[in-house]
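Reviewing the structure listed below.
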Amino acid sequence: MSLQIYINGTYYDKENAKISVYDHGLLYGDGVFEGMRAYSGKVFKLREHMDRLYESARTICLQIPISKSQLEDDVNATLQKNALTDAYIRLVVTRGAGSLGLDPNRTSDPQVIIIADHIALYPAEFYEKGLKIITASTIRNHPAALSPRIKSLNYLNNIMAKIEGLQAGCVEAVMLNHKGEVAECTGDNIFIIKRGILLTPPKDAGILEGITRNAILELAGKLNIPAHEQTMTRHDLLVADECFLTGSAAEVIPVVSIDSRTIGDGTVGPVTTRLIAEFKKMVHGIA
Ligand code: PMP
């Protein structure tokens, strides 16, 4: 059976899952989304993803046509419909079809789309040996222009930095903010470990408040690993003992080189190794 895609409460075969070319999601990137993971049949931090989705929608004045709890049920139903227990779920809400002008008031029917599928973002080798990344020259969107707190369908800022990374032979790239401070990577948050302390940029560095990021901070608390949200510069990254990235798709992935400087001793460090192991337990409901 072909993959079943949910659009506004109806399931369609993947080949027939379509929305209008007049949809402002396509024409203008006008919409919001979430990327989630299900482990052993349970969506990890589903409520947190729902809260972020509805907050993103509220900020862009997009009324999601169904309630949070209905949407939660529909996410679970889409997993079941596709007989998936371990999966990646992409939830998209577009502004809907409208005129060819920008005016969101001339659109109707926001489209709610749920895709449940498998994802393998990076090869297994990267998780064992660590990533080599660069700092992109494209800065993260200025929060007063388009807040990175909104998980919107407009990802060109990140894609421009991703292209820089790929051109340098790297699958991820660090983005700085308009003040030159470390913000995040193109699709992941960033952490370092310095003298046993776990550090990550604060929300006001102009980042997406990652749900995996928050889970790692929660885990650090439980494991008595001192952790702080702290403004950092590229210098802090380059002199870190350890570094790793977090995201729903990437999970927790070590970084061993930034801008051709080896991080720590160039291997996956002990704190990162421990957090990766504990995170695995957490997502499977063991920790
Ligand atoms: N930053 C950006 C820009 C992202 O797109 C994402 C999600 N892919 C993240 C951080 C990580 O967020 P989360 O842990 O909620 O997936």
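Going through the structure tokens in order, the chains are called A, B, and so on, while each chain numbers its residues from 1 and the ligands are numbered from 1 in the order shown.
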
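Using only C-alpha atoms and all ligand atoms, residues with at least one atom at most 7 Å away from any atom of ligand 1 are Gly35, Met36, Asn158, Glu184, Cys185, Thr186, Gly187, Asp188, Asn189, Ile207, Leu208, Glu209, Gly210, Ile211, Thr212, Arg213, Thr246, Gly247, Ser248 and Ala249 of chain A.
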
Dump C-alpha atoms for the selected residues as a PDB file, in the first residue's frame?
```pdb
ATOM      1  CA  GLY A  35       9.164  17.962  12.405  1.00  0.00           C
ATOM      2  CA  MET A  36       8.606  15.271  15.024  1.00  0.00           C
ATOM      3  CA  ASN A 158      18.712  28.395   6.530  1.00  0.00           C
ATOM      4  CA  GLU A 184      22.309  27.768  15.803  1.00  0.00           C
ATOM      5  CA  CYS A 185      22.908  25.524  12.823  1.00  0.00           C
ATOM      6  CA  THR A 186      20.733  25.455   9.700  1.00  0.00           C
ATOM      7  CA  GLY A 187      18.387  22.792  11.068  1.00  0.00           C
ATOM      8  CA  ASP A 188      19.793  22.012  14.509  1.00  0.00           C
ATOM      9  CA  ASN A 189      20.637  23.694  17.798  1.00  0.00           C
ATOM     10  CA  ILE A 207      17.211  30.756  17.492  1.00  0.00           C
ATOM     11  CA  LEU A 208      14.436  28.255  17.127  1.00  0.00           C
ATOM     12  CA  GLU A 209      13.772  26.974  20.633  1.00  0.00           C
ATOM     13  CA  GLY A 210      14.414  23.357  19.766  1.00  0.00           C
ATOM     14  CA  ILE A 211      12.439  20.674  21.510  1.00  0.00           C
ATOM     15  CA  THR A 212      15.447  18.350  21.437  1.00  0.00           C
ATOM     16  CA  ARG A 213      17.516  21.216  22.881  1.00  0.00           C
ATOM     17  CA  THR A 246      20.418  18.555  18.410  1.00  0.00           C
ATOM     18  CA  GLY A 247      17.244  18.302  16.352  1.00  0.00           C
ATOM     19  CA  SER A 248      14.224  16.068  15.964  1.00  0.00           C
ATOM     20  CA  ALA A 249      15.537  14.682  12.700  1.00  0.00           C
TER      21      ALA A 249
END
```

Test item, helix (DSSP H, G or I) assignment across region 19-256 of chain A, answer as a ChimeraX atom specification: /A:24-28,46-59,68-81,104-106,124-129,156-167,203-205,211-222,234-238

Quick one: residues within 10 Å of Leu79 (chain A), only C-alpha atoms counted, chain neighbours fewer than 3 positions away excluded, as number ranges by chain? A: 4-5, 38, 41-43, 74-76, 82-89, 114-117

Same residues, C-alpha atoms, saved as a PDB file, in the first residue's frame:
```pdb
ATOM      1  CA  GLN A   4      -1.115   7.559   3.299  1.00  0.00           C
ATOM      2  CA  ILE A   5      -0.902  11.328   3.596  1.00  0.00           C
ATOM      3  CA  ALA A  38       7.873   8.711  16.961  1.00  0.00           C
ATOM      4  CA  GLY A  41       4.790   4.004  18.626  1.00  0.00           C
ATOM      5  CA  LYS A  42       4.836   7.174  20.735  1.00  0.00           C
ATOM      6  CA  VAL A  43       5.456  10.681  19.430  1.00  0.00           C
ATOM      7  CA  ASP A  74      -4.775  13.012  13.899  1.00  0.00           C
ATOM      8  CA  VAL A  75      -0.968  12.761  14.157  1.00  0.00           C
ATOM      9  CA  ASN A  76      -1.323   9.481  16.059  1.00  0.00           C
ATOM     10  CA  ASN A  82       0.690   3.763   7.945  1.00  0.00           C
ATOM     11  CA  ALA A  83       1.533   1.058  10.521  1.00  0.00           C
ATOM     12  CA  LEU A  84       4.573   3.077  11.626  1.00  0.00           C
ATOM     13  CA  THR A  85       6.058   2.862  15.116  1.00  0.00           C
ATOM     14  CA  ASP A  86       9.438   4.523  14.535  1.00  0.00           C
ATOM     15  CA  ALA A  87       9.006   7.405  12.154  1.00  0.00           C
ATOM     16  CA  TYR A  88       9.545  11.021  11.288  1.00  0.00           C
ATOM     17  CA  ILE A  89       6.401  13.131  11.130  1.00  0.00           C
ATOM     18  CA  ILE A 114       0.547  15.258   8.041  1.00  0.00           C
ATOM     19  CA  ILE A 115       3.243  13.108   6.473  1.00  0.00           C
ATOM     20  CA  ALA A 116       4.592  10.144   8.452  1.00  0.00           C
ATOM     21  CA  ASP A 117       7.626   8.528   6.881  1.00  0.00           C
TER      22      ASP A 117
END
```

How far is it from CA of Ala144 (chain A) to CA of Leu53 (chain A), in Å with one decimal?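 For CA of Ala144 (chain A) relative to CA of Leu53 (chain A), the distance reads 19.6 Å.
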
For Leu219 (chain A): contacts at 12 Å, only C-alpha atoms, fewer than 2 positions along chain excluded, given as JSON, numbers by chain: {"A": [198, 212, 213, 214, 215, 216, 217, 221, 222, 223, 224, 225, 226, 227, 271, 274, 275, 276, 277, 278, 279, 280, 281, 282, 283, 287]}

Best match for closeness to Arg234 (chain A) among A:Thr135, A:Gln167, A:Gln80, A:Thr272, counting only C-alpha atoms: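 That would be A:Thr135, the residue with the smallest distance to Arg234 (chain A).
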
Apply DSSP to the backbone of this structure and, from region 85-234 of chain A, keep only the residues in strand (DSSP E or B); write these as number ranges by chain. A: 87-94, 97, 111-117, 131-135, 152, 173-176, 182-185, 189-194, 197-200, 227-229

For region 140-142 of chain A, find every residue with an atom within 9 Å (counting only C-alpha atoms), except residues of its own chain fewer than 5 positions away, and show them as a PyMOL selection string. chain A and resi 147-148+157-158+161+175-178+183-184+186+206-207

Quick one: everything within 12 Å of region 97-104 of chain A, counting only C-alpha atoms, minus sequence neighbours fewer than 5 positions away in the same chain. Send it as a compact mmCIF listing (two decimals) with C-alpha atoms, in the first residue's frame.
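Saved result, out_36.txt, follows:
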```txt
# COMPACT_ATOMS: atom_id res chain seq x y z
CA ILE A 19 -2.65 21.05 -2.75
CA SER A 20 -3.33 24.08 -4.93
CA VAL A 21 -0.58 25.93 -6.80
CA TYR A 22 -2.34 29.07 -5.51
CA ASP A 23 -1.62 28.05 -1.92
CA HIS A 24 0.27 30.84 -0.18
CA GLY A 25 2.43 28.18 1.46
CA LEU A 26 3.89 27.58 -1.98
CA LEU A 27 3.67 31.11 -3.35
CA TYR A 28 5.13 32.88 -0.31
CA GLY A 29 6.30 30.31 2.24
CA ASP A 30 3.28 31.50 4.19
CA GLY A 31 2.64 28.79 6.75
CA ILE A 60 1.74 34.96 11.81
CA CYS A 61 -2.04 35.41 12.35
CA LEU A 62 -2.84 31.99 10.95
CA GLN A 63 -5.85 30.31 12.48
CA ASP A 109 -9.01 27.17 4.00
CA PRO A 110 -5.63 26.67 5.61
CA GLN A 111 -4.33 23.25 4.62
```

With distances taken over only C-alpha atoms, which residue among A:Leu121, A:Asn8, A:Lys68, A:Lys81 lies nearest Gly96 (chain A)? A:Asn8

List as a JSON list (two decimals) with N, CA and C atoms, in the first residue's frame the protein and nucleic acid residues near Lys194 (chain A), meaning an atom at most 9 Å away when only C-alpha atoms are counted, but skip any in the same chain fewer than 6 places from it.
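And here's out-v7.json as it stands now:
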```
[["chain", "number", "residue", "atom", "x", "y", "z"],
["A", 236, "ASP", "N", 34.36, 30.76, 21.31],
["A", 236, "ASP", "CA", 33.96, 29.76, 22.31],
["A", 236, "ASP", "C", 33.79, 28.38, 21.67],
["A", 239, "VAL", "N", 37.29, 26.77, 20.89],
["A", 239, "VAL", "CA", 38.09, 26.31, 22.04],
["A", 239, "VAL", "C", 37.29, 25.38, 22.96],
["A", 240, "ALA", "N", 36.15, 24.90, 22.46],
["A", 240, "ALA", "CA", 35.33, 24.00, 23.28],
["A", 240, "ALA", "C", 36.03, 22.65, 23.45],
["A", 241, "ASP", "N", 35.67, 21.95, 24.54],
["A", 241, "ASP", "CA", 36.19, 20.59, 24.73],
["A", 241, "ASP", "C", 35.41, 19.60, 23.89],
["A", 242, "GLU", "N", 34.09, 19.86, 23.80],
["A", 242, "GLU", "CA", 33.21, 18.99, 23.02],
["A", 242, "GLU", "C", 32.13, 19.85, 22.39]]
```

Pick out the closest residue to Ser56 (chain A) from this set: A:Arg106, A:Arg195, A:Arg149, A:Arg37. Count only C-alpha atoms. A:Arg149

Pick the closest to Ile113 (chain A) from A:Leu71, A:Val92, A:Cys170, A:Ile286: which is it, counting only C-alpha atoms? A:Val92

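Take the candidates A:Met50, A:Leu131, A:Ile159, A:Leu245 and check each one against Thr200 (chain A) using only C-alpha atoms; the shortest distance goes to A:Leu245.
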
So how far away is CA of Pro123 (chain A) from CA of Asp259 (chain A), in Å?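 We find that CA of Asp259 (chain A) and CA of Pro123 (chain A) lie 20.9 Å from each other.
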
Please indicate the distance in Å from CA of Leu153 (chain A) to CA of Phe33 (chain A), rounded to one decimal place.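 Interatomic distance, CA of Leu153 (chain A) to CA of Phe33 (chain A): 6.5 Å.
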